[in-house]
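Trainee: Below is the file entry39.cif, which contains mmCIF, C-alpha atoms.
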```cif
data_start
#
loop_
_atom_site.group_PDB
_atom_site.id
_atom_site.type_symbol
_atom_site.label_atom_id
_atom_site.label_comp_id
_atom_site.auth_asym_id
_atom_site.auth_seq_id
_atom_site.Cartn_x
_atom_site.Cartn_y
_atom_site.Cartn_z
ATOM 1 C CA MET A 1 125.449 68.305 204.283
ATOM 2 C CA PRO A 2 126.102 65.125 206.314
ATOM 3 C CA LEU A 3 129.644 66.379 206.970
ATOM 4 C CA ARG A 4 128.380 69.643 208.506
ATOM 5 C CA LYS A 5 125.945 67.705 210.666
ATOM 6 C CA ASP A 6 128.793 65.457 211.967
ATOM 7 C CA ILE A 7 130.976 68.463 212.779
ATOM 8 C CA ALA A 8 128.097 70.219 214.538
ATOM 9 C CA THR A 9 127.343 67.057 216.546
ATOM 10 C CA GLN A 10 130.994 66.725 217.587
ATOM 11 C CA ALA A 11 131.150 70.395 218.574
ATOM 12 C CA ILE A 12 128.080 70.009 220.787
ATOM 13 C CA LYS A 13 129.608 66.910 222.421
ATOM 14 C CA LEU A 14 132.889 68.752 223.074
ATOM 15 C CA GLU A 15 131.063 71.770 224.433
ATOM 16 C CA SER A 16 129.172 69.606 226.900
ATOM 17 C CA MET A 17 132.443 68.033 228.061
ATOM 18 C CA ILE A 18 134.058 71.374 228.940
ATOM 19 C CA LYS A 19 133.543 72.387 232.548
ATOM 20 C CA PRO A 20 132.695 76.027 233.205
ATOM 21 C CA SER A 21 135.721 76.273 235.521
ATOM 22 C CA GLU A 22 138.003 75.456 232.569
ATOM 23 C CA ILE A 23 136.820 78.368 230.449
ATOM 24 C CA SER A 24 139.078 81.419 230.696
ATOM 25 C CA LEU A 25 137.670 84.878 230.123
ATOM 26 C CA ASN A 26 141.023 86.610 230.724
ATOM 27 C CA THR A 27 139.633 88.766 233.494
ATOM 28 C CA SER A 28 141.751 90.129 236.320
ATOM 29 C CA GLU A 29 140.332 87.344 238.506
ATOM 30 C CA ASP A 30 141.892 84.756 236.173
ATOM 31 C CA LYS A 31 145.316 86.252 236.740
ATOM 32 C CA LYS A 32 145.247 85.625 240.495
ATOM 33 C CA LYS A 33 147.441 82.787 241.609
ATOM 34 C CA ILE A 34 145.377 79.831 242.684
ATOM 35 C CA GLU A 35 146.905 77.470 245.215
ATOM 36 C CA VAL A 36 145.816 73.905 244.622
ATOM 37 C CA PRO A 37 146.494 71.507 247.470
ATOM 38 C CA ASP A 38 148.707 68.581 246.521
ATOM 39 C CA ASP A 39 146.533 65.518 247.032
ATOM 40 C CA GLU A 40 149.321 63.098 246.153
ATOM 41 C CA PRO A 41 151.073 61.773 249.238
ATOM 42 C CA LYS A 42 154.802 62.463 249.216
ATOM 43 C CA VAL A 43 156.951 59.379 249.074
ATOM 44 C CA THR A 44 159.380 58.971 251.934
ATOM 45 C CA HIS A 45 162.480 57.070 250.890
ATOM 46 C CA SER A 46 164.285 54.801 253.295
ATOM 47 C CA PHE A 47 168.074 54.779 253.391
ATOM 48 C CA ASP A 48 170.110 51.628 253.689
ATOM 49 C CA GLY A 49 173.447 53.408 254.118
ATOM 50 C CA ASN A 50 174.425 53.057 250.440
ATOM 51 C CA TRP A 51 175.716 56.574 249.769
ATOM 52 C CA HIS A 52 176.928 55.589 246.284
ATOM 53 C CA GLY A 53 173.431 54.403 245.332
ATOM 54 C CA LEU A 54 171.792 57.486 246.816
ATOM 55 C CA VAL A 55 174.098 59.837 244.887
ATOM 56 C CA ASP A 56 173.162 58.032 241.665
ATOM 57 C CA GLN A 57 169.431 58.531 242.427
ATOM 58 C CA LEU A 58 169.612 62.259 243.173
ATOM 59 C CA LYS A 59 169.355 64.829 240.410
ATOM 60 C CA LEU A 60 172.215 67.117 241.367
ATOM 61 C CA GLY A 61 173.715 68.726 238.275
ATOM 62 C CA LEU A 62 177.077 70.328 239.090
ATOM 63 C CA VAL A 63 176.642 69.546 242.792
ATOM 64 C CA LYS A 64 177.092 65.873 241.940
ATOM 65 C CA ALA A 65 180.874 66.430 242.006
ATOM 66 C CA LEU A 66 180.643 67.324 245.712
ATOM 67 C CA ALA A 67 178.481 64.292 246.458
ATOM 68 C CA GLN A 68 180.699 61.913 244.466
ATOM 69 C CA GLN A 69 183.853 63.077 246.240
ATOM 70 C CA SER A 70 182.261 62.756 249.699
ATOM 71 C CA GLU A 71 182.116 59.767 251.986
ATOM 72 C CA LEU A 72 179.189 59.073 254.288
ATOM 73 C CA VAL A 73 180.275 59.242 257.934
ATOM 74 C CA SER A 74 176.843 58.926 259.546
ATOM 75 C CA PHE A 75 173.145 59.481 259.037
ATOM 76 C CA LYS A 76 171.039 59.656 262.175
ATOM 77 C CA GLY A 77 167.607 61.208 262.425
ATOM 78 C CA ASN A 78 167.709 64.199 260.132
ATOM 79 C CA GLU A 79 171.455 64.831 260.307
ATOM 80 C CA MET A 80 173.825 63.579 257.624
ATOM 81 C CA ILE A 81 177.568 63.861 258.090
ATOM 82 C CA LEU A 82 179.856 63.546 255.097
ATOM 83 C CA SER A 83 183.617 63.782 254.803
ATOM 84 C CA ILE A 84 185.680 65.045 251.891
ATOM 85 C CA ALA A 85 189.397 64.932 251.134
ATOM 86 C CA ASP A 86 191.432 68.136 251.384
ATOM 87 C CA GLU A 87 192.242 68.020 247.668
ATOM 88 C CA HIS A 88 188.527 68.501 246.933
ATOM 89 C CA LYS A 89 187.841 71.280 249.437
ATOM 90 C CA HIS A 90 187.235 73.659 246.504
ATOM 91 C CA LEU A 91 183.854 71.895 246.154
ATOM 92 C CA LEU A 92 182.836 73.061 249.627
ATOM 93 C CA ASN A 93 181.277 76.332 248.601
ATOM 94 C CA GLU A 94 178.091 77.267 250.423
ATOM 95 C CA ALA A 95 175.861 77.173 247.344
ATOM 96 C CA TYR A 96 176.825 73.556 246.556
ATOM 97 C CA GLN A 97 176.306 72.488 250.155
ATOM 98 C CA LYS A 98 172.865 74.134 250.302
ATOM 99 C CA LYS A 99 171.814 72.558 247.002
ATOM 100 C CA LEU A 100 172.944 69.110 248.175
ATOM 101 C CA GLU A 101 171.149 69.627 251.492
ATOM 102 C CA LEU A 102 167.970 70.678 249.641
ATOM 103 C CA SER A 103 168.156 67.697 247.307
ATOM 104 C CA LEU A 104 168.575 65.317 250.252
ATOM 105 C CA SER A 105 165.680 66.987 252.084
ATOM 106 C CA GLU A 106 163.433 66.590 249.045
ATOM 107 C CA HIS A 107 164.498 62.962 248.594
ATOM 108 C CA PHE A 108 163.776 62.008 252.212
ATOM 109 C CA ASN A 109 160.740 64.309 252.462
ATOM 110 C CA GLN A 110 162.083 65.874 255.637
ATOM 111 C CA ARG A 111 164.542 68.637 256.467
ATOM 112 C CA ILE A 112 168.060 67.177 256.402
ATOM 113 C CA LYS A 113 170.893 68.978 258.146
ATOM 114 C CA LEU A 114 174.083 68.414 256.158
ATOM 115 C CA ILE A 115 177.512 68.606 257.780
ATOM 116 C CA ILE A 116 180.618 68.145 255.652
ATOM 117 C CA LEU A 117 183.952 67.524 257.360
ATOM 118 C CA GLN A 118 187.398 67.724 255.786
ATOM 119 C CA LYS A 119 188.745 64.430 257.114
ATOM 120 C CA GLY A 120 189.355 62.505 253.914
ATOM 121 C CA ALA A 121 187.159 60.253 251.846
ATOM 122 C CA ASN A 122 188.539 56.757 251.285
ATOM 123 C CA ASN A 123 185.211 55.314 250.205
ATOM 124 C CA SER A 124 183.584 58.012 248.090
ATOM 125 C CA PRO A 125 181.240 57.042 245.236
ATOM 126 C CA LEU A 126 183.827 58.213 242.710
ATOM 127 C CA LYS A 127 186.564 56.051 244.269
ATOM 128 C CA GLN A 128 184.167 53.109 244.311
ATOM 129 C CA LYS A 129 183.442 53.608 240.591
ATOM 130 C CA GLN A 130 187.150 53.844 239.811
ATOM 131 C CA GLU A 131 187.839 50.619 241.721
ATOM 132 C CA GLU A 132 184.943 48.854 239.985
ATOM 133 C CA ARG A 133 186.262 50.018 236.610
ATOM 134 C CA LEU A 134 189.799 48.796 237.373
ATOM 135 C CA THR A 135 188.445 45.424 238.484
ATOM 136 C CA LEU A 136 186.354 45.166 235.328
ATOM 137 C CA ILE A 137 189.353 46.007 233.127
ATOM 138 C CA LYS A 138 191.558 43.441 234.923
ATOM 139 C CA ASP A 139 188.857 40.785 234.609
ATOM 140 C CA THR A 140 188.454 41.605 230.906
ATOM 141 C CA GLU A 141 192.218 41.384 230.313
ATOM 142 C CA HIS A 142 192.325 38.060 232.151
ATOM 143 C CA SER A 143 189.420 36.688 230.088
ATOM 144 C CA ILE A 144 191.048 37.744 226.837
ATOM 145 C CA LEU A 145 194.367 36.158 227.772
ATOM 146 C CA GLN A 146 192.603 32.903 228.696
ATOM 147 C CA ASP A 147 190.698 32.717 225.403
ATOM 148 C CA GLN A 148 191.976 29.843 223.204
ATOM 149 C CA PHE A 149 191.611 31.783 219.954
ATOM 150 C CA VAL A 150 193.575 34.721 221.353
ATOM 151 C CA LYS A 151 196.259 32.339 222.653
ATOM 152 C CA SER A 152 196.599 30.777 219.202
ATOM 153 C CA LEU A 153 196.934 34.210 217.556
ATOM 154 C CA LEU A 154 199.583 35.209 220.055
ATOM 155 C CA ASN A 155 201.561 32.001 219.455
ATOM 156 C CA GLU A 156 201.152 31.589 215.686
ATOM 157 C CA PHE A 157 201.743 35.193 214.696
ATOM 158 C CA ASN A 158 204.028 36.220 217.535
ATOM 159 C CA ALA A 159 201.403 38.873 218.334
ATOM 160 C CA GLU A 160 201.065 40.919 221.447
ATOM 161 C CA ILE A 161 198.129 42.553 223.155
ATOM 162 C CA ILE A 162 198.301 46.240 223.902
ATOM 163 C CA PRO A 163 196.692 46.518 227.366
ATOM 164 C CA SER A 164 195.357 50.052 226.782
ATOM 165 C CA SER A 165 193.411 48.780 223.759
ATOM 166 C CA ILE A 166 191.276 46.451 225.891
ATOM 167 C CA LYS A 167 187.869 47.930 226.591
ATOM 168 C CA PRO A 168 185.194 46.084 228.569
ATOM 169 C CA ASN A 169 181.737 45.727 226.987
ATOM 170 C CA GLN A 170 180.094 46.810 230.208
ATOM 171 C CA SER A 171 180.326 50.482 231.080
ATOM 172 C CA ILE A 172 180.510 51.780 234.628
#
```
Could you write out this structure as structure tokens?
Mentor:
Amino acid sequence: MPLRKDIATQAIKLESMIKPSEISLNTSEDKKKIEVPDDEPKVTHSFDGNWHGLVDQLKLGLVKALAQQSELVSFKGNEMILSIADEHKHLLNEAYQKKLELSLSEHFNQRIKLIILQKGANNSPLKQKQEERLTLIKDTEHSILQDQFVKSLLNEFNAEIIPSSIKPNQSI
């Protein structure tokens, strides 16, 4: 019997913890949509001009291709101007632009007007990543060729290094 008493005691404690507003009776009143005000203040992000960093922060899905191929021209007030190369103009469909504009608006917690020009993009996030990757690969190759053990293998066994086989430890 002590087990039943413990269960009954726990049930009474749980019952007293439940608020009447949490109990659902499945009436038609329960099915009405209830709007609950959002008490949490929305965070406003500042922007330091680092388009590459901003693109990495945003959750864009397929629209990320548009953002990565674009270069920031200017951002003043609530207007952001980007530029994209002609070879990537296929990314300029209206749905992608609207989704990117919406994502930027949500990030900055204000309506952002997005303008995308077709004037080239020499400094897009994707080009920056490619340049960083090339630099990393060159630095890795240089480090390997300067390593004393590698030098001895090359000399003693008349070995050669296949450049395409060199992979940096760090991924970009």
Trainee: Write out as a PyMOL selection string the residues lying within 9 Å of range 99-113 of chain A, counting all atoms listed in the file and excluding same-chain residues fewer than 4 positions away.
Mentor: chain A and resi 42-47+58-60+63-64+66-67+77-81+94-95
Trainee: Have a look at CA of Ala65 in chain A and CA of Ala85 in chain A and let me know their distance in Å, one decimal.
Mentor: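 Rounded to one decimal, the two atoms are 12.6 Å apart.
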Trainee: For Gly53 in chain A, which of A:Thr135, A:Ser74, A:Gln128, A:Thr140 is the closest residue, counting all atoms listed in the file?
Mentor: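 Residue with the minimum atom-to-atom distance to Gly53 in chain A: A:Gln128.
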Trainee: Using the chain letters and numbers from the file, give me the residues hit by the PyMOL selection byres ((chain A and resi 87) around 12), as a ChimeraX atom specification.
Mentor: /A:66,69-70,83-86,88-92,118-121
Trainee: Provide the CA of Gln68 in chain A to CA of Val55 in chain A distance in Å, to one decimal place.
Mentor: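 Taking CA of Gln68 in chain A as the start and CA of Val55 in chain A as the end point, the length is 6.9 Å.
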Trainee: Expressed in Å to a single decimal, how great is the separation between CA of Trp51 in chain A and CA of Lys98 in chain A?
Mentor: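 For CA of Trp51 in chain A relative to CA of Lys98 in chain A, the distance reads 17.8 Å.
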Trainee: For the structure shown, which residues end up in the PyMOL selection byres ((chain A and resi 161-168) around 12)? Put them as a PDB file with C-alpha atoms, in the frame of the given file, please?
Mentor:
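Ended up saving to selection03.pdb:
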```pdb
ATOM      1  CA  GLU A 132     184.943  48.854 239.985  1.00  0.00           C
ATOM      2  CA  ARG A 133     186.262  50.018 236.610  1.00  0.00           C
ATOM      3  CA  LEU A 134     189.799  48.796 237.373  1.00  0.00           C
ATOM      4  CA  THR A 135     188.445  45.424 238.484  1.00  0.00           C
ATOM      5  CA  LEU A 136     186.354  45.166 235.328  1.00  0.00           C
ATOM      6  CA  ILE A 137     189.353  46.007 233.127  1.00  0.00           C
ATOM      7  CA  LYS A 138     191.558  43.441 234.923  1.00  0.00           C
ATOM      8  CA  ASP A 139     188.857  40.785 234.609  1.00  0.00           C
ATOM      9  CA  THR A 140     188.454  41.605 230.906  1.00  0.00           C
ATOM     10  CA  GLU A 141     192.218  41.384 230.313  1.00  0.00           C
ATOM     11  CA  HIS A 142     192.325  38.060 232.151  1.00  0.00           C
ATOM     12  CA  SER A 143     189.420  36.688 230.088  1.00  0.00           C
ATOM     13  CA  ILE A 144     191.048  37.744 226.837  1.00  0.00           C
ATOM     14  CA  LEU A 145     194.367  36.158 227.772  1.00  0.00           C
ATOM     15  CA  VAL A 150     193.575  34.721 221.353  1.00  0.00           C
ATOM     16  CA  LYS A 151     196.259  32.339 222.653  1.00  0.00           C
ATOM     17  CA  LEU A 153     196.934  34.210 217.556  1.00  0.00           C
ATOM     18  CA  LEU A 154     199.583  35.209 220.055  1.00  0.00           C
ATOM     19  CA  ASN A 155     201.561  32.001 219.455  1.00  0.00           C
ATOM     20  CA  PHE A 157     201.743  35.193 214.696  1.00  0.00           C
ATOM     21  CA  ASN A 158     204.028  36.220 217.535  1.00  0.00           C
ATOM     22  CA  ALA A 159     201.403  38.873 218.334  1.00  0.00           C
ATOM     23  CA  GLU A 160     201.065  40.919 221.447  1.00  0.00           C
ATOM     24  CA  ASN A 169     181.737  45.727 226.987  1.00  0.00           C
ATOM     25  CA  GLN A 170     180.094  46.810 230.208  1.00  0.00           C
ATOM     26  CA  SER A 171     180.326  50.482 231.080  1.00  0.00           C
ATOM     27  CA  ILE A 172     180.510  51.780 234.628  1.00  0.00           C
TER      28      ILE A 172
END
```
Trainee: Which one is closest to Ile115 in chain A: A:Gln97, A:Gln148, A:Gln57, A:Asn50? Count all atoms listed in the file.
Mentor: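 Closest residue, counting all atoms listed in the file: A:Gln97.
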Trainee: Pick out the closest residue to Leu117 in chain A from this set: A:Glu71, A:Gly61, A:Asp48, A:Asp56. Count only C-alpha atoms.
Mentor: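 Closest candidate: A:Glu71.
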Trainee: Please write out, as JSON, where the centre of an axis-aligned box around all listed atoms of range 84-95 of chain A lies and how long its edges are, in Å to one decimal, after adding 6 Å on each side.
Mentor:
```
{"center_x": 184.1, "center_y": 71.1, "center_z": 249.0, "size_x": 28.4, "size_y": 24.3, "size_z": 17.7}
```
